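To be precise, the following lines are protein00.csv, and they hold CSV, C-alpha atoms.
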chain,number,residue,atom,x,y,z
A,1,MET,CA,-51.8,-7.4,42.8
A,2,GLY,CA,-48.2,-8.1,41.8
A,3,LEU,CA,-49.0,-8.2,38.1
A,4,VAL,CA,-46.3,-8.9,35.6
A,5,LYS,CA,-44.6,-6.0,33.8
A,6,ASN,CA,-44.5,-5.3,30.1
A,7,PHE,CA,-45.7,-8.4,28.3
A,8,ALA,CA,-48.6,-8.9,25.9
A,9,ILE,CA,-51.3,-11.5,26.4
A,10,ALA,CA,-53.8,-12.1,23.6
A,11,VAL,CA,-57.4,-13.1,24.5
A,12,ALA,CA,-60.1,-14.5,22.3
A,13,SER,CA,-63.2,-12.6,21.4
A,14,THR,CA,-64.4,-15.7,19.5
A,15,GLY,CA,-68.1,-15.7,20.6
A,16,PHE,CA,-69.7,-19.2,20.8
A,17,LEU,CA,-69.4,-21.2,17.7
A,18,THR,CA,-72.1,-23.8,17.1
A,19,LEU,CA,-71.2,-26.4,14.5
A,20,ALA,CA,-73.9,-28.3,12.7
A,21,ALA,CA,-71.4,-30.5,10.8
A,22,SER,CA,-71.7,-34.2,11.5
A,23,ALA,CA,-67.9,-34.5,12.0
A,24,GLU,CA,-66.8,-37.4,14.2
A,25,ALA,CA,-63.4,-38.8,15.1
A,26,SER,CA,-62.9,-42.2,13.4
A,27,ALA,CA,-59.8,-42.9,15.5
A,28,LEU,CA,-58.1,-41.1,18.3
A,29,SER,CA,-55.0,-41.4,20.4
A,30,LEU,CA,-53.2,-39.2,23.0
A,31,LYS,CA,-49.5,-38.7,23.0
A,32,TYR,CA,-47.3,-36.7,25.4
A,33,HIS,CA,-46.2,-33.4,23.9
A,34,SER,CA,-44.6,-31.2,26.6
A,35,GLN,CA,-44.8,-30.0,30.1
A,36,ILE,CA,-45.8,-26.6,31.5
A,37,GLY,CA,-44.4,-25.6,34.9
A,38,SER,CA,-42.4,-27.6,37.4
A,39,PRO,CA,-43.0,-28.6,41.0
A,40,GLY,CA,-42.0,-25.9,43.6
A,41,PHE,CA,-42.9,-22.6,45.2
A,42,GLY,CA,-40.9,-20.1,43.1
A,43,PRO,CA,-41.8,-18.1,40.0
A,44,GLY,CA,-42.9,-20.4,37.2
A,45,GLN,CA,-43.3,-23.4,39.6
A,46,LEU,CA,-46.6,-25.0,40.5
A,47,PHE,CA,-48.3,-26.9,43.3
A,48,VAL,CA,-51.8,-28.2,43.3
A,49,PRO,CA,-52.7,-26.7,39.9
A,50,GLN,CA,-56.5,-26.8,39.9
A,51,GLY,CA,-57.7,-24.9,36.8
A,52,ILE,CA,-56.3,-24.4,33.3
A,53,THR,CA,-57.3,-22.3,30.3
A,54,VAL,CA,-55.5,-21.4,27.1
A,55,ASN,CA,-56.1,-18.1,25.3
A,56,SER,CA,-56.1,-17.4,21.6
A,57,ALA,CA,-52.3,-16.7,21.6
A,58,GLY,CA,-51.7,-20.1,23.1
A,59,ASN,CA,-50.6,-18.7,26.5
A,60,ILE,CA,-51.5,-21.1,29.3
A,61,LEU,CA,-53.2,-19.7,32.5
A,62,VAL,CA,-53.0,-22.0,35.6
A,63,SER,CA,-54.7,-21.6,38.9
A,64,ASN,CA,-51.9,-22.3,41.3
A,65,GLY,CA,-51.5,-23.0,45.0
A,66,ARG,CA,-53.4,-23.4,48.2
A,67,GLY,CA,-51.6,-20.8,50.3
A,68,LEU,CA,-49.1,-23.3,51.8
A,69,ASN,CA,-45.6,-23.2,52.9
A,70,PRO,CA,-43.3,-26.0,51.7
A,71,ASP,CA,-43.9,-27.8,55.0
A,72,GLY,CA,-47.7,-27.7,54.5
A,73,THR,CA,-48.5,-25.0,57.0
A,74,PRO,CA,-50.8,-22.2,55.9
A,75,ASN,CA,-49.3,-19.0,54.4
A,76,PHE,CA,-51.5,-16.6,52.3
A,77,SER,CA,-48.4,-15.2,50.5
A,78,VAL,CA,-47.4,-18.5,48.9
A,79,GLY,CA,-49.3,-19.6,45.8
A,80,ASN,CA,-52.8,-18.1,45.4
A,81,LYS,CA,-52.1,-16.8,41.9
A,82,VAL,CA,-53.1,-17.4,38.3
A,83,GLU,CA,-49.8,-18.2,36.7
A,84,ILE,CA,-49.2,-17.4,33.0
A,85,PHE,CA,-46.9,-19.3,30.6
A,86,SER,CA,-46.1,-18.8,26.9
A,87,PRO,CA,-47.0,-21.6,24.5
A,88,GLN,CA,-43.4,-22.7,24.8
A,89,GLY,CA,-43.7,-23.0,28.6
A,90,GLN,CA,-41.8,-19.8,29.5
A,91,TYR,CA,-43.1,-18.2,32.7
A,92,LEU,CA,-44.6,-14.8,32.0
A,93,GLY,CA,-46.1,-13.6,35.2
A,94,ALA,CA,-49.1,-13.9,37.4
A,95,ILE,CA,-52.5,-12.4,38.4
A,96,GLY,CA,-53.6,-12.1,42.0
A,97,GLU,CA,-52.2,-12.7,45.4
A,98,GLY,CA,-53.3,-14.4,48.6
A,99,GLY,CA,-55.8,-12.8,50.9
A,100,THR,CA,-59.5,-12.0,51.4
A,101,GLY,CA,-59.7,-8.6,49.8
A,102,ASP,CA,-60.8,-7.5,46.3
A,103,GLY,CA,-59.0,-9.5,43.7
A,104,GLN,CA,-57.2,-11.7,46.2
A,105,PHE,CA,-57.4,-15.5,46.4
A,106,ASP,CA,-57.7,-18.2,49.1
A,107,GLU,CA,-57.2,-21.1,46.7
A,108,PRO,CA,-57.9,-20.3,43.1
A,109,SER,CA,-59.7,-23.1,41.3
A,110,ALA,CA,-61.5,-23.4,37.9
A,111,LEU,CA,-61.0,-20.5,35.5
A,112,GLU,CA,-62.2,-19.5,32.0
A,113,ILE,CA,-62.0,-16.6,29.6
A,114,ASP,CA,-65.3,-15.0,28.4
A,115,PRO,CA,-65.0,-15.4,24.6
A,116,GLN,CA,-67.0,-12.2,24.1
A,117,THR,CA,-65.3,-9.8,26.4
A,118,GLY,CA,-61.9,-11.4,27.2
A,119,ASN,CA,-62.6,-11.1,30.9
A,120,LEU,CA,-61.1,-13.8,33.1
A,121,TYR,CA,-63.4,-15.6,35.6
A,122,VAL,CA,-61.7,-17.5,38.5
A,123,GLY,CA,-63.1,-19.6,41.3
A,124,ASP,CA,-61.9,-18.5,44.7
A,125,VAL,CA,-62.6,-21.5,46.9
A,126,PHE,CA,-62.3,-20.5,50.6
A,127,ASN,CA,-63.4,-17.0,49.9
A,128,ASN,CA,-66.4,-18.7,48.3
A,129,ARG,CA,-66.8,-16.5,45.2
A,130,ILE,CA,-65.8,-15.9,41.6
A,131,ASN,CA,-63.2,-13.2,40.9
A,132,VAL,CA,-63.4,-11.4,37.6
A,133,TYR,CA,-60.5,-9.6,35.8
A,134,ASP,CA,-60.3,-7.6,32.6
A,135,PRO,CA,-58.0,-8.5,29.8
A,136,GLN,CA,-55.2,-6.3,31.4
A,137,GLY,CA,-55.5,-8.4,34.6
A,138,ASN,CA,-57.2,-5.6,36.5
A,139,PHE,CA,-59.8,-6.8,39.1
A,140,ILE,CA,-63.4,-6.0,38.1
A,141,ASN,CA,-65.7,-7.5,40.7
A,142,SER,CA,-66.5,-10.7,42.7
A,143,PHE,CA,-69.9,-12.4,42.8
A,144,GLY,CA,-71.6,-15.6,43.9
A,145,SER,CA,-72.5,-17.5,47.0
A,146,PHE,CA,-71.9,-21.2,47.1
A,147,GLY,CA,-72.4,-24.2,49.4
A,148,GLY,CA,-70.0,-24.7,52.3
A,149,LEU,CA,-67.9,-27.6,53.3
A,150,ILE,CA,-69.6,-31.0,53.4
A,151,PRO,CA,-68.2,-33.9,55.5
A,152,GLY,CA,-66.2,-36.2,53.3
A,153,ARG,CA,-65.5,-33.6,50.6
A,154,ALA,CA,-62.2,-31.7,50.9
A,155,PHE,CA,-63.3,-29.2,48.2
A,156,PHE,CA,-66.3,-26.8,48.2
A,157,GLY,CA,-67.4,-23.6,46.6
A,158,PRO,CA,-67.3,-22.8,42.9
A,159,SER,CA,-66.1,-25.5,40.6
A,160,GLY,CA,-66.3,-25.5,36.8
A,161,VAL,CA,-66.8,-22.4,34.7
A,162,THR,CA,-68.2,-22.3,31.1
A,163,PHE,CA,-70.1,-19.9,28.8
A,164,ASP,CA,-73.0,-20.4,26.5
A,165,LYS,CA,-73.4,-18.7,23.1
A,166,GLU,CA,-75.6,-16.0,24.6
A,167,GLY,CA,-72.9,-15.0,27.0
A,168,PHE,CA,-74.3,-16.4,30.2
A,169,VAL,CA,-71.8,-18.0,32.6
A,170,TYR,CA,-72.4,-21.4,34.2
A,171,ILE,CA,-70.6,-22.2,37.4
A,172,GLY,CA,-70.7,-25.4,39.4
A,173,ASP,CA,-71.7,-25.1,43.0
A,174,PHE,CA,-69.8,-28.1,44.2
A,175,SER,CA,-71.3,-28.5,47.7
A,176,GLY,CA,-74.7,-27.2,46.6
A,177,ASP,CA,-74.9,-30.0,44.0
A,178,LYS,CA,-76.1,-27.7,41.3
A,179,ILE,CA,-75.0,-25.5,38.4
A,180,ASN,CA,-75.7,-21.8,38.7
A,181,LYS,CA,-76.4,-19.6,35.7
A,182,TYR,CA,-75.3,-15.9,35.9
A,183,THR,CA,-75.2,-12.9,33.7
A,184,LYS,CA,-71.7,-11.6,32.9
A,185,ASP,CA,-71.8,-9.2,35.9
A,186,GLY,CA,-72.8,-11.9,38.3
A,187,VAL,CA,-76.6,-11.7,38.6
A,188,LEU,CA,-78.0,-15.2,39.3
A,189,VAL,CA,-80.7,-16.0,36.8
A,190,GLY,CA,-81.3,-19.7,37.4
A,191,SER,CA,-79.8,-23.1,38.5
A,192,ILE,CA,-79.8,-26.7,37.2
A,193,GLY,CA,-79.8,-29.8,39.4
A,194,SER,CA,-80.2,-30.9,43.0
A,195,PRO,CA,-78.5,-33.3,45.3
A,196,GLY,CA,-79.0,-37.0,44.5
A,197,THR,CA,-78.1,-39.9,42.2
A,198,ALA,CA,-81.0,-39.7,39.7
A,199,PRO,CA,-80.4,-38.3,36.2
A,200,GLY,CA,-80.1,-34.5,36.5
A,201,GLN,CA,-79.0,-34.7,40.1
A,202,PHE,CA,-75.4,-34.3,41.3
A,203,GLN,CA,-73.0,-35.2,44.1
A,204,GLY,CA,-70.2,-32.7,43.5
A,205,PRO,CA,-70.5,-31.3,40.0
A,206,ALA,CA,-66.8,-30.6,39.3
A,207,GLY,CA,-65.9,-30.0,35.6
A,208,ILE,CA,-68.5,-28.3,33.4
A,209,ARG,CA,-68.2,-27.6,29.7
A,210,ILE,CA,-70.7,-26.5,27.1
A,211,SER,CA,-70.2,-28.3,23.8
A,212,PRO,CA,-69.1,-26.1,20.8
A,213,VAL,CA,-71.0,-28.5,18.6
A,214,SER,CA,-74.4,-29.0,20.1
A,215,GLY,CA,-74.6,-26.5,23.0
A,216,LYS,CA,-75.2,-29.4,25.5
A,217,ILE,CA,-73.8,-29.2,29.0
A,218,TYR,CA,-71.3,-31.9,30.0
A,219,VAL,CA,-70.7,-32.4,33.7
A,220,SER,CA,-68.2,-34.5,35.7
A,221,ASP,CA,-70.5,-35.7,38.5
A,222,GLN,CA,-67.6,-36.4,40.9
A,223,PHE,CA,-69.0,-38.5,43.7
A,224,ASN,CA,-71.5,-40.2,41.5
A,225,ASN,CA,-68.6,-41.3,39.4
A,226,ARG,CA,-70.2,-40.5,36.1
A,227,ILE,CA,-70.6,-38.0,33.3
A,228,GLN,CA,-73.9,-36.4,32.7
A,229,VAL,CA,-75.0,-34.6,29.5
A,230,LEU,CA,-77.9,-32.1,29.8
A,231,SER,CA,-79.7,-29.6,27.6
A,232,LEU,CA,-79.2,-25.9,28.5
A,233,ASP,CA,-82.5,-26.0,30.4
A,234,GLY,CA,-81.3,-28.9,32.5
A,235,THR,CA,-83.1,-31.8,30.9
A,236,PRO,CA,-81.0,-35.0,31.4
A,237,LEU,CA,-80.0,-36.5,28.0
A,238,LEU,CA,-77.3,-39.0,28.7
A,239,THR,CA,-75.4,-40.5,31.7
A,240,PHE,CA,-72.5,-42.9,31.5
A,241,GLY,CA,-69.8,-44.3,33.8
A,242,LYS,CA,-69.6,-46.0,37.2
A,243,GLN,CA,-67.1,-46.3,40.0
A,244,GLY,CA,-64.1,-48.5,39.1
A,245,THR,CA,-60.8,-48.7,37.4
A,246,GLY,CA,-61.7,-50.3,34.1
A,247,ASP,CA,-62.3,-48.7,30.8
A,248,GLY,CA,-65.3,-46.3,31.1
A,249,GLU,CA,-65.2,-46.4,34.9
A,250,PHE,CA,-64.2,-43.5,37.2
A,251,ASN,CA,-62.8,-42.8,40.6
A,252,GLN,CA,-64.0,-39.2,41.1
A,253,PRO,CA,-63.8,-37.5,37.7
A,254,ILE,CA,-63.0,-33.8,37.8
A,255,GLY,CA,-61.9,-31.9,34.6
A,256,ILE,CA,-63.9,-32.3,31.4
A,257,GLU,CA,-63.5,-31.0,27.9
A,258,VAL,CA,-65.5,-31.4,24.6
A,259,ASP,CA,-63.8,-30.9,21.3
A,260,GLU,CA,-65.2,-29.8,17.9
A,261,PHE,CA,-66.0,-33.4,17.1
A,262,GLU,CA,-67.9,-33.7,20.4
A,263,ASN,CA,-65.4,-36.2,21.8
A,264,ILE,CA,-65.3,-36.0,25.6
A,265,TYR,CA,-62.1,-35.9,27.6
A,266,VAL,CA,-62.4,-36.7,31.3
A,267,ALA,CA,-59.7,-36.3,34.0
A,268,ASP,CA,-60.3,-39.5,36.0
A,269,SER,CA,-58.6,-38.0,39.0
A,270,ILE,CA,-57.8,-40.7,41.5
A,271,ASN,CA,-57.2,-43.2,38.7
A,272,SER,CA,-54.6,-40.7,37.5
A,273,ARG,CA,-55.5,-40.8,33.9
A,274,VAL,CA,-57.5,-39.2,31.1
A,275,GLN,CA,-60.3,-41.1,29.4
A,276,VAL,CA,-61.8,-40.2,26.1
A,277,PHE,CA,-65.4,-41.0,24.9
A,278,ASP,CA,-67.4,-40.3,21.8
A,279,LYS,CA,-70.6,-38.1,22.0
A,280,ASN,CA,-72.6,-41.2,22.8
A,281,GLY,CA,-70.5,-42.1,25.8
A,282,LYS,CA,-68.6,-44.9,24.0
A,283,PHE,CA,-65.1,-45.4,25.4
A,284,LEU,CA,-62.4,-44.6,22.9
A,285,THR,CA,-59.0,-44.5,24.7
A,286,SER,CA,-57.2,-43.6,27.9
A,287,TYR,CA,-53.9,-42.1,28.8
A,288,GLY,CA,-51.9,-42.0,32.0
A,289,THR,CA,-50.2,-44.1,34.6
A,290,PRO,CA,-50.5,-43.6,38.4
A,291,ALA,CA,-47.4,-42.5,40.3
A,292,ALA,CA,-46.1,-44.9,42.9
A,293,ALA,CA,-46.3,-42.2,45.7
A,294,PRO,CA,-49.6,-41.8,47.6
A,295,PRO,CA,-51.3,-38.4,47.4
A,296,PRO,CA,-50.4,-36.0,50.3
A,297,GLN,CA,-53.0,-35.3,53.0
A,298,LEU,CA,-54.2,-31.9,54.0
A,299,GLY,CA,-51.5,-30.3,56.2
A,300,GLN,CA,-48.7,-32.1,54.5
A,301,PRO,CA,-46.4,-30.8,51.8
A,302,PRO,CA,-48.4,-30.6,48.6
A,303,PHE,CA,-46.4,-33.1,46.5
A,304,GLY,CA,-46.2,-36.9,46.2
A,305,ASN,CA,-43.0,-38.3,47.7
A,306,PRO,CA,-41.1,-39.3,45.7
A,307,LEU,CA,-42.0,-37.3,42.6
A,308,ASP,CA,-42.1,-39.2,39.3
A,309,LEU,CA,-42.0,-36.7,36.4
A,310,THR,CA,-41.8,-39.3,33.7
A,311,PRO,CA,-44.1,-38.2,30.8
A,312,GLY,CA,-47.5,-39.8,31.2
A,313,VAL,CA,-47.2,-40.4,35.0
A,314,PHE,CA,-49.7,-38.6,37.1
A,315,ASN,CA,-50.4,-38.2,40.8
A,316,TRP,CA,-54.1,-37.4,40.3
A,317,THR,CA,-55.4,-35.7,37.2
A,318,ALA,CA,-57.4,-32.5,37.9
A,319,GLY,CA,-58.1,-29.4,35.8
A,320,THR,CA,-58.1,-29.6,32.0
A,321,SER,CA,-58.2,-27.4,29.0
A,322,TYR,CA,-58.6,-28.2,25.3
A,323,LYS,CA,-57.2,-26.0,22.5
A,324,ASP,CA,-56.3,-26.6,18.9
A,325,GLY,CA,-55.7,-30.3,19.1
A,326,LYS,CA,-54.0,-30.3,22.4
A,327,LEU,CA,-55.3,-31.4,25.8
A,328,TYR,CA,-53.8,-29.7,28.9
A,329,VAL,CA,-54.0,-31.8,32.1
A,330,GLY,CA,-53.1,-30.8,35.6
A,331,ASP,CA,-50.8,-33.3,37.4
A,332,PHE,CA,-52.3,-32.3,40.7
A,333,PHE,CA,-49.7,-33.5,43.2
A,334,GLN,CA,-46.7,-33.3,41.0
A,335,GLY,CA,-46.7,-29.6,40.3
A,336,ARG,CA,-47.0,-29.5,36.5
A,337,VAL,CA,-49.3,-29.4,33.5
A,338,GLN,CA,-48.8,-32.2,31.0
A,339,VAL,CA,-49.7,-31.3,27.4
A,340,LEU,CA,-51.1,-34.1,25.3
A,341,ALA,CA,-51.3,-34.1,21.5
A,342,ILE,CA,-54.5,-35.5,20.1
A,343,GLU,CA,-53.6,-37.6,17.1
A,344,ASP,CA,-55.4,-39.6,14.3
A,345,ALA,CA,-58.7,-37.7,14.7
A,346,ALA,CA,-59.8,-38.0,11.1
A,347,THR,CA,-63.2,-36.5,10.4
A,348,SER,CA,-66.2,-37.6,8.3
A,349,VAL,CA,-67.5,-35.5,5.5
A,350,PRO,CA,-70.2,-33.0,6.7
A,351,GLU,CA,-73.7,-33.5,5.5
A,352,PRO,CA,-74.9,-31.0,2.7
A,353,ALA,CA,-77.5,-29.5,5.0
A,354,SER,CA,-74.8,-28.9,7.7
A,355,ILE,CA,-72.5,-27.3,5.1
A,356,LEU,CA,-75.3,-24.9,4.1
A,357,GLY,CA,-75.9,-24.1,7.8
A,358,LEU,CA,-72.3,-23.2,8.2
A,359,GLY,CA,-72.2,-21.1,5.0
A,360,LEU,CA,-69.6,-23.4,3.5
A,361,LEU,CA,-69.1,-24.4,-0.1
A,362,GLY,CA,-66.3,-26.9,0.2
A,363,VAL,CA,-67.6,-30.4,1.1
A,364,GLY,CA,-64.3,-31.5,2.5
A,365,ALA,CA,-63.5,-28.4,4.6
A,366,SER,CA,-61.9,-29.0,8.0
A,367,VAL,CA,-64.1,-28.2,10.9
A,368,VAL,CA,-61.0,-27.4,13.0
A,369,LYS,CA,-59.8,-24.9,10.5
A,370,LEU,CA,-63.2,-23.3,10.3
A,371,ARG,CA,-63.4,-22.9,14.0
A,372,LYS,CA,-60.0,-21.3,14.1
A,373,ASN,CA,-60.6,-19.0,11.3
A,374,ARG,CA,-63.9,-17.8,12.9
A,375,GLN,CA,-61.9,-16.4,15.8
A,376,GLN,CA,-61.2,-12.7,16.1
A,377,LYS,CA,-58.2,-11.9,18.1
A,378,PHE,CA,-56.8,-8.7,19.7
A,379,THR,CA,-53.8,-8.1,21.9
A,380,VAL,CA,-53.7,-6.2,25.1
A,381,GLY,CA,-50.9,-5.5,27.6
A,382,ILE,CA,-50.8,-6.5,31.3
A,383,ASN,CA,-48.9,-3.9,33.2
A,384,GLN,CA,-48.2,-3.4,36.9
For this file, write the structure as structure tokens.
Amino acid sequence: MGLVKNFAIAVASTGFLTLAASAEASALSLKYHSQIGSPGFGPGQLFVPQGITVNSAGNILVSNGRGLNPDGTPNFSVGNKVEIFSPQGQYLGAIGEGGTGDGQFDEPSALEIDPQTGNLYVGDVFNNRINVYDPQGNFINSFGSFGGLIPGRAFFGPSGVTFDKEGFVYIGDFSGDKINKYTKDGVLVGSIGSPGTAPGQFQGPAGIRISPVSGKIYVSDQFNNRIQVLSLDGTPLLTFGKQGTGDGEFNQPIGIEVDEFENIYVADSINSRVQVFDKNGKFLTSYGTPAAAPPPQLGQPPFGNPLDLTPGVFNWTAGTSYKDGKLYVGDFFQGRVQVLAIEDAATSVPEPASILGLGLLGVGASVVKLRKNRQQKFTVGINQ
């Protein structure tokens, strides 16, 4: 598996925290903070970073690579790893390698850590499955069967990964136009959605996130160019967005995150930006400027030419992750993750009933701090 030697990686055993507080952001802005990784094919370098997650220690895990040589020709031994970086961006090592065997990848995609067990779930696109690893990086098992390639869609197989408070894992079936619900060990127990354009139907469900506030499911409905909000049983609750380049419009949204104030962050991929909305779908702000270079085509080197690594410039936005007031955004064809600080997110005072529901006594307590303090952390080693 080529796992990294002798370093510690902390994983969260947070459980699922449901907040009843009526906290909302009264103002919000995004500001460039830092960069994780750099474009290239060597250790600590990235190309087509598709999935991002951040563990309780702040280490950043990135699904990296498509199994391509620098000239764009196929090569299993290049990329096809989950790369791990420290909070400061130092490269720590990797999980996985290219191939079709147990624990190997043929294009890793979305990934997420189970908050109850610390196990890592990673989409494996062309092997059409989910790979699961324990907190030490050891392969546990693979599961799932997802729809195949559809004309006009370059991507297929498993897309977003998220967990509910009961520990079930929800995984997007991108070409099947549905969301599958599994037990932790991969037993399919149900699905949500069907192909189409009506509420509750999908055309390429990409990013999926269950709100830490309400437990609702938020979905980037990529080819319908909209965001859908559903209950856990699949009942449509809210839909917003349409195709375009204006505020609140999308051109194939992919990554999606929901914070503790139920603000919604969307990677508006081809528009090369992130858009932010409140819980009712009201546009709040956006961040990002498109690079001048066109995106590469399949079979070409996986970078825009020329690269523009100016902070805030993207050549497509893709995978996302939210953690402790920072938003991590994949700069898809520029081989890096841009880290954005979320600023000016002042909160309203929780209602008394909500305070009682949370077991709080202090009326002005910070929801962010409560969430952080509820986490239980432990540290394990990843060793070859």
Residue contacts of region 312-314 of chain A (8 Å, all atoms listed in the file) excluding same-chain residues fewer than 6 positions away, as a tab-separated table (two decimals) with C-alpha atoms, keeping the file's coordinate frame:
chain	number	residue	atom	x	y	z
A	32	TYR	CA	-47.30	-36.70	25.40
A	272	SER	CA	-54.60	-40.70	37.50
A	273	ARG	CA	-55.50	-40.80	33.90
A	287	TYR	CA	-53.90	-42.10	28.80
A	288	GLY	CA	-51.90	-42.00	32.00
A	289	THR	CA	-50.20	-44.10	34.60
A	290	PRO	CA	-50.50	-43.60	38.40
A	291	ALA	CA	-47.40	-42.50	40.30
A	331	ASP	CA	-50.80	-33.30	37.40
A	332	PHE	CA	-52.30	-32.30	40.70
A	333	PHE	CA	-49.70	-33.50	43.20
A	334	GLN	CA	-46.70	-33.30	41.00
A	338	GLN	CA	-48.80	-32.20	31.00
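From CA of Glu260 (chain A) back to CA of Ser211 (chain A), the distance works out to 7.9 Å.
Interatomic distance, CA of Val189 (chain A) against CA of Pro158 (chain A): 16.2 Å.
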Which residues, written as a JSON list (two decimals) with C-alpha atoms, keeping the file's coordinate frame, have at least one atom at most 12 Å from Asn315 (chain A), with all atoms listed in the file counted and residues fewer than 5 positions away on the same chain left out?
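Saved as selection09.json:
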[["chain", "number", "residue", "atom", "x", "y", "z"],
["A", 47, "PHE", "CA", -48.30, -26.90, 43.30],
["A", 48, "VAL", "CA", -51.80, -28.20, 43.30],
["A", 49, "PRO", "CA", -52.70, -26.70, 39.90],
["A", 267, "ALA", "CA", -59.70, -36.30, 34.00],
["A", 268, "ASP", "CA", -60.30, -39.50, 36.00],
["A", 269, "SER", "CA", -58.60, -38.00, 39.00],
["A", 270, "ILE", "CA", -57.80, -40.70, 41.50],
["A", 271, "ASN", "CA", -57.20, -43.20, 38.70],
["A", 272, "SER", "CA", -54.60, -40.70, 37.50],
["A", 273, "ARG", "CA", -55.50, -40.80, 33.90],
["A", 288, "GLY", "CA", -51.90, -42.00, 32.00],
["A", 289, "THR", "CA", -50.20, -44.10, 34.60],
["A", 290, "PRO", "CA", -50.50, -43.60, 38.40],
["A", 291, "ALA", "CA", -47.40, -42.50, 40.30],
["A", 292, "ALA", "CA", -46.10, -44.90, 42.90],
["A", 293, "ALA", "CA", -46.30, -42.20, 45.70],
["A", 294, "PRO", "CA", -49.60, -41.80, 47.60],
["A", 295, "PRO", "CA", -51.30, -38.40, 47.40],
["A", 296, "PRO", "CA", -50.40, -36.00, 50.30],
["A", 302, "PRO", "CA", -48.40, -30.60, 48.60],
["A", 303, "PHE", "CA", -46.40, -33.10, 46.50],
["A", 304, "GLY", "CA", -46.20, -36.90, 46.20],
["A", 305, "ASN", "CA", -43.00, -38.30, 47.70],
["A", 306, "PRO", "CA", -41.10, -39.30, 45.70],
["A", 307, "LEU", "CA", -42.00, -37.30, 42.60],
["A", 308, "ASP", "CA", -42.10, -39.20, 39.30],
["A", 309, "LEU", "CA", -42.00, -36.70, 36.40],
["A", 310, "THR", "CA", -41.80, -39.30, 33.70],
["A", 329, "VAL", "CA", -54.00, -31.80, 32.10],
["A", 330, "GLY", "CA", -53.10, -30.80, 35.60],
["A", 331, "ASP", "CA", -50.80, -33.30, 37.40],
["A", 332, "PHE", "CA", -52.30, -32.30, 40.70],
["A", 333, "PHE", "CA", -49.70, -33.50, 43.20],
["A", 334, "GLN", "CA", -46.70, -33.30, 41.00],
["A", 335, "GLY", "CA", -46.70, -29.60, 40.30],
["A", 336, "ARG", "CA", -47.00, -29.50, 36.50],
["A", 337, "VAL", "CA", -49.30, -29.40, 33.50],
["A", 338, "GLN", "CA", -48.80, -32.20, 31.00]]
Handout entry: Test item: residues at most 8 Å from region 226-234 of chain A, all atoms listed in the file, excluding those fewer than 5 positions along its chain, as a VMD selection string
Key = chain A and resid 192 to 193 199 to 200 215 to 221 239 to 243 249 to 250 253
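Across the structure, CA of Arg209 (chain A) and CA of Asn59 (chain A) are spaced 20.0 Å apart.
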Practice task
Find the residues around Glu83 (chain A) up to 9 Å (all atoms listed in the file counted), leave out those fewer than 3 positions away in its own chain, and share them as number ranges by chain.
Solution key: A: 43-46, 60-64, 91-96
